[in-house]
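K.L.:
For reference, the structure I am asking about is given below.
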Number of protein chains: 2
Amino acid sequence: MKQKKPNQRVRDGERTVALLKRATMEQLISNGFAGLSVGPICERAGVSRGALFHHFQSKDHLVAASFEELLKDFAKQMHEIGRNLRRGAISIDEFVVRISDTMASDLFVGCMEISLGIRSEFGLSPLVEKAITDWRLSLFDFWNSTFDLPGFDAEDRATHWAMASNLLRGHAFSSSFGAGPQAKERLYRGFPKLILNCAVVRPEQENIVQLNNK
Amino acid sequence: MKQKKPNQRVRDGERTVALLKRATMEQLISNGFAGLSVGPICERAGVSRGALFHHFQSKDHLVAASFEELLKDFAKQMHEIGRNLRRGAISIDEFVVRISDTMASDLFVGCMEISLGIRSEFGLSPLVEKAITDWRLSLFDFWNSTFDLPGFDAEDRATHWAMASNLLRGHAFSSSFGAGPQAKERLYRGFPKLILNCAVVRPEQENIVQLNNK
DNA sequence: CTTTACATACCGACCGGTTGGTATGTATGA
DNA sequence: TCATACATACCAACCGGTCGGTATGTAAAG
């Protein structure tokens, strides 16, 4: 009988791992890659150092695992926004506001930190490589499944998404850098004009060819 | 007798300061903000710790001073490219290649590192604030003095530059992140189409209203 | 032209504190 | 009894920064 009585002592590996991953991303976002030390991470998670190194063979492995989850969350949010647009739940203007705000959120700060981090932390790089590739594909997939671009061939579509994502990335960067509130308004005006004038929202029913499953 | 025998000590303050600033930016670019320690910086510069702290009251002051120079170099390069376009020394296509390559260079990696760094290093932030503001103005100035945008009012122009710079920033970021070579080609195609189709290169003779002198 | 005095440039040992990682011990549950 | 989950104490390496002392340049005094 697996009666689930409330434990005093928490002895739950999965929970500890989840706490550690969440604490790692919080610490990364608030203190940067340079301030990403195991001490504060453990404190945040309410877990001892021993527990950390019991579940992860090194700090890099913890960081990589946490980052992977962050990327998944990120992609999930973008897909969700696209789905809402196709469902008609939000307008195009609202769509633009939401994707740019998502891009300019803490999630993306985390991505930037890691991206710069792996330039010098050679041990971390191979651990996150695959997650980043998957993430890129997933975002391209989001764009393709949200918009149709009549008359565009494959390379045109790739260029179109490259420009759209560059715009959002650049905005995200300057925005978490300390740009004024006008920056947002300008993106809300400029993005649809430059990027979406040739795009058509795919109808909800349309079945999309998935580029990568899962 | 003041014979100039081969000295152990060089004794040239300006030279030492310049060496330290250069070494700091090199170290920042190659090892990131997290790897920006005074030890390696001194080693690179061929100078002792004592000399460093003789000329700079803290590491943050050194970093700020170095960053300031990097931003000036950066802005100077952009202005130079704009001048070459107006002189007719380079084509529009060549112009696009050069500004996007400059944006995607090590100089910008340094900017990103510092930008993220000041999010958590509160001591550094006030030391670089002014330099960043000046840099922003200088780049906007570069854009305005290079292109005329017929029919655009002040806010339109600001939005236009915001989009152009966001595109370049986003490209720079993904490019130093590990994007493939197609990313460049796509920017070379997409940037003129989206951004420059409504812009006219100002003639060389035209006198430009300077937004900020120096 | 010397001698003396003093400011500046520089060196490298050293300090307290923090880092990622480990070795060891203990509570828990099957 | 025995593997697992976690805590604690500890380590060597490294961190930014300080300090006493030395080399060097300059300017006034003799």
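In the structure tokens, the first chain shown is A, the next is B, and so on; residue numbers restart at 1 for each chain, and ligands run from 1 in the order shown.
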Write out as a ChimeraX atom specification which residues come within 12 Å of DT8 (chain D) when counting only C-alpha atoms (C1' of nucleotides), dropping same-chain ones fewer than 2 positions away.

P.N.:
/A:48-51 /C:22-26 /D:6,10

K.L.:
For those residues, write C-alpha atoms (C1' of nucleotides) to a file as a short mmCIF file (atom, residue, chain, number, x, y, z; two decimals), in the first residue's frame.

P.N.:
data_model
loop_
_atom_site.label_atom_id
_atom_site.label_comp_id
_atom_site.auth_asym_id
_atom_site.auth_seq_id
_atom_site.Cartn_x
_atom_site.Cartn_y
_atom_site.Cartn_z
CA SER A 48 22.81 21.55 0.57
CA ARG A 49 25.86 21.48 -1.66
CA GLY A 50 26.13 17.78 -1.17
CA ALA A 51 22.66 17.31 -2.61
"C1'" DT C 22 35.18 16.02 -2.54
"C1'" DA C 23 35.27 12.96 1.50
"C1'" DT C 24 32.77 11.51 5.14
"C1'" DG C 25 28.91 10.84 8.01
"C1'" DT C 26 23.84 10.15 8.77
"C1'" DC D 6 20.96 14.49 1.81
"C1'" DC D 10 36.88 20.55 4.38
#

K.L.:
Applying 10 Å and only C-alpha atoms (C1' of nucleotides), which residues near Phe53 (chain B) remain after dropping the ones on its own chain fewer than 5 positions away? List them as a list in words.

P.N.:
Val38, Ser48, Ser58, Lys59, His61 and Leu62 of chain B; DG17 and DT18 of chain D

K.L.:
At a cut-off of 9 Å, list the chain C residues touching chain B, using only C-alpha atoms (C1' of nucleotides), as number ranges by chain.

P.N.:
C: 9-12

K.L.:
Matching each Cα of chain B to the same-order Cα of chain A and superposing by least squares, what RMSD do you find?

P.N.:
1.9 Å

K.L.:
Mind checking which residues fall within 9 Å of Leu187 (chain B), counting only C-alpha atoms (C1' of nucleotides), ignoring those fewer than 2 positions away in the same chain, and posting them as a short mmCIF file (atom, residue, chain, number, x, y, z; two decimals) with N, CA, C and O atoms, in the first residue's frame?

P.N.:
data_model
loop_
_atom_site.label_atom_id
_atom_site.label_comp_id
_atom_site.auth_asym_id
_atom_site.auth_seq_id
_atom_site.Cartn_x
_atom_site.Cartn_y
_atom_site.Cartn_z
N THR A 159 14.78 33.63 -44.91
CA THR A 159 15.25 35.00 -44.76
C THR A 159 14.25 35.84 -43.98
O THR A 159 14.62 36.63 -43.10
N ALA A 162 14.53 35.00 -40.44
CA ALA A 162 15.80 35.52 -39.94
C ALA A 162 15.67 37.00 -39.60
O ALA A 162 16.12 37.45 -38.53
N MET A 163 15.01 37.75 -40.48
CA MET A 163 14.84 39.19 -40.22
C MET A 163 13.92 39.42 -39.03
O MET A 163 14.19 40.24 -38.16
N VAL B 96 26.17 47.67 -46.63
CA VAL B 96 25.43 46.74 -45.76
C VAL B 96 26.36 45.67 -45.21
O VAL B 96 26.32 45.34 -44.02
N VAL B 97 27.22 45.15 -46.09
CA VAL B 97 28.16 44.13 -45.63
C VAL B 97 29.03 44.68 -44.50
O VAL B 97 29.21 44.04 -43.46
N SER B 100 27.10 45.48 -41.11
CA SER B 100 26.67 44.28 -40.38
C SER B 100 27.87 43.50 -39.87
O SER B 100 27.84 42.94 -38.77
N LEU B 167 17.68 45.16 -35.97
CA LEU B 167 18.03 44.12 -36.92
C LEU B 167 19.52 43.79 -36.84
O LEU B 167 19.91 42.62 -36.77
N LEU B 168 20.33 44.83 -36.82
CA LEU B 168 21.78 44.62 -36.78
C LEU B 168 22.20 43.98 -35.46
O LEU B 168 23.04 43.08 -35.42
N HIS B 171 21.20 40.38 -35.39
CA HIS B 171 22.11 39.61 -36.24
C HIS B 171 23.45 39.41 -35.56
O HIS B 171 23.99 38.30 -35.55
N GLN B 182 24.73 31.06 -43.61
CA GLN B 182 23.55 31.55 -44.33
C GLN B 182 23.00 32.80 -43.66
O GLN B 182 22.41 33.66 -44.31
N ALA B 183 23.18 32.89 -42.33
CA ALA B 183 22.64 34.03 -41.59
C ALA B 183 23.15 35.34 -42.18
O ALA B 183 22.39 36.30 -42.34
N LYS B 184 24.43 35.37 -42.52
CA LYS B 184 25.00 36.58 -43.12
C LYS B 184 24.33 36.90 -44.44
O LYS B 184 23.88 38.02 -44.68
N GLU B 185 24.28 35.89 -45.31
CA GLU B 185 23.70 36.11 -46.64
C GLU B 185 22.26 36.61 -46.52
O GLU B 185 21.83 37.49 -47.26
N ARG B 189 20.68 40.20 -47.83
CA ARG B 189 19.52 40.32 -48.72
C ARG B 189 18.38 41.07 -48.04
O ARG B 189 17.73 41.94 -48.63
N GLY B 190 18.12 40.70 -46.79
CA GLY B 190 16.93 41.21 -46.12
C GLY B 190 17.04 42.65 -45.67
O GLY B 190 16.06 43.41 -45.73
N PHE B 191 18.21 43.04 -45.21
CA PHE B 191 18.36 44.38 -44.63
C PHE B 191 18.04 45.49 -45.64
O PHE B 191 17.24 46.38 -45.34
N PRO B 192 18.65 45.46 -46.84
CA PRO B 192 18.34 46.53 -47.79
C PRO B 192 16.86 46.54 -48.17
O PRO B 192 16.24 47.60 -48.29
#

K.L.:
Could you please select, counting only C-alpha atoms, the residues of chain A within 7 Å of chain B and state them as a VMD selection string?

P.N.:
chain A and resid 30 to 34 115 117 120 159 163 166 to 167 169 to 171 177 186 190 194

K.L.:
As number ranges by chain, please: the residues near region 71-84 of chain B (cut-off 10 Å, only C-alpha atoms (C1' of nucleotides), same-chain neighbours under 6 positions excluded).

P.N.:
B: 90-91, 94-96, 98-100, 102-103, 105, 107-108, 110-111, 131-132, 134-147, 201-202, 204

K.L.:
What parts of region 30-169 of chain A does DSSP call helix (DSSP H, G or I)? I'd like the answer as a PyMOL selection string.

P.N.:
chain A and resi 30-31+38-45+49-55+59-87+92-103+106-120+125-146+154-169

K.L.:
When you look at DG30 (chain D) with a cut-off of 10 Å (counting only C-alpha atoms (C1' of nucleotides)), what residues show up, excluding the ones that are within fewer than 2 positions of it in the same chain? I need them as a list in words.

P.N.:
DT2, DT3 and DT4 of chain C; DA28 of chain D

K.L.:
Have a look at CA of Val128 (chain B) and CA of Ala45 (chain B) and let me know their distance in Å, one decimal.

P.N.:
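Between CA of Val128 (chain B) and CA of Ala45 (chain B) the gap is 22.2 Å.
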
K.L.:
Go ahead and compute the interatomic distance for C1' of DT4 (chain D) and CA of Val17 (chain A), in Å to one decimal.

P.N.:
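So the answer is 14.5 Å.
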
K.L.:
Between chain D and chain B, at 8 Å or less, what are the per-residue closest atom pairs and their distances in Å? Count only C-alpha atoms (C1' of nucleotides), order by chain and rising residue number, and return it as CSV.

P.N.:
residue,atom,partner,partner_atom,distance
D:DC15,C1',B:Ser37,CA,7.7
D:DG16,C1',B:Val38,CA,7.6
D:DA23,C1',B:Arg9,CA,7.4
D:DT24,C1',B:Arg11,CA,7.3

K.L.:
Dump N, CA, C and O atoms (P, O5', C5', C4', C3', O3' and C1' of nucleotides) for the selected residues as an mmCIF file, in the first residue's frame?

P.N.:
data_model
loop_
_atom_site.group_PDB
_atom_site.id
_atom_site.type_symbol
_atom_site.label_atom_id
_atom_site.label_comp_id
_atom_site.auth_asym_id
_atom_site.auth_seq_id
_atom_site.Cartn_x
_atom_site.Cartn_y
_atom_site.Cartn_z
ATOM 1 P P DC D 15 41.593 34.147 -10.825
ATOM 2 O "O5'" DC D 15 40.785 35.187 -9.934
ATOM 3 C "C5'" DC D 15 39.413 34.917 -9.640
ATOM 4 C "C4'" DC D 15 38.951 35.843 -8.525
ATOM 5 C "C3'" DC D 15 39.588 37.219 -8.560
ATOM 6 O "O3'" DC D 15 38.839 38.055 -9.424
ATOM 7 C "C1'" DC D 15 39.533 36.326 -6.303
ATOM 8 P P DG D 16 39.478 39.414 -9.975
ATOM 9 O "O5'" DG D 16 39.326 40.407 -8.745
ATOM 10 C "C5'" DG D 16 38.030 40.744 -8.289
ATOM 11 C "C4'" DG D 16 38.132 41.606 -7.046
ATOM 12 C "C3'" DG D 16 38.768 42.975 -7.262
ATOM 13 O "O3'" DG D 16 38.109 43.924 -6.441
ATOM 14 C "C1'" DG D 16 40.074 41.730 -5.741
ATOM 15 P P DA D 23 66.114 49.237 -6.344
ATOM 16 O "O5'" DA D 23 65.700 49.931 -7.714
ATOM 17 C "C5'" DA D 23 64.864 49.224 -8.621
ATOM 18 C "C4'" DA D 23 64.188 50.209 -9.548
ATOM 19 C "C3'" DA D 23 65.140 51.195 -10.226
ATOM 20 O "O3'" DA D 23 64.863 51.202 -11.615
ATOM 21 C "C1'" DA D 23 63.368 52.371 -9.172
ATOM 22 P P DT D 24 65.808 51.983 -12.639
ATOM 23 O "O5'" DT D 24 65.108 53.400 -12.816
ATOM 24 C "C5'" DT D 24 63.757 53.452 -13.249
ATOM 25 C "C4'" DT D 24 63.234 54.864 -13.135
ATOM 26 C "C3'" DT D 24 64.160 55.956 -13.703
ATOM 27 O "O3'" DT D 24 63.515 56.533 -14.814
ATOM 28 C "C1'" DT D 24 63.131 56.611 -11.666
#

K.L.:
Within 12 Å of DC2 (chain D), counting only C-alpha atoms (C1' of nucleotides), which residues qualify if same-chain residues fewer than 5 places away don't, as number ranges by chain?

P.N.:
C: 28-30

K.L.:
Distance CA of Ala154 (chain A)-CA of Ala104 (chain A), one decimal place?

P.N.:
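CA of Ala104 (chain A) lies at a distance of 28.0 Å from CA of Ala154 (chain A).
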
K.L.:
Neighbours of Ala199 (chain A) within 9 Å (only C-alpha atoms (C1' of nucleotides); same-chain residues fewer than 5 positions away dropped), as a VMD selection string?

P.N.:
chain A and resid 147 to 150
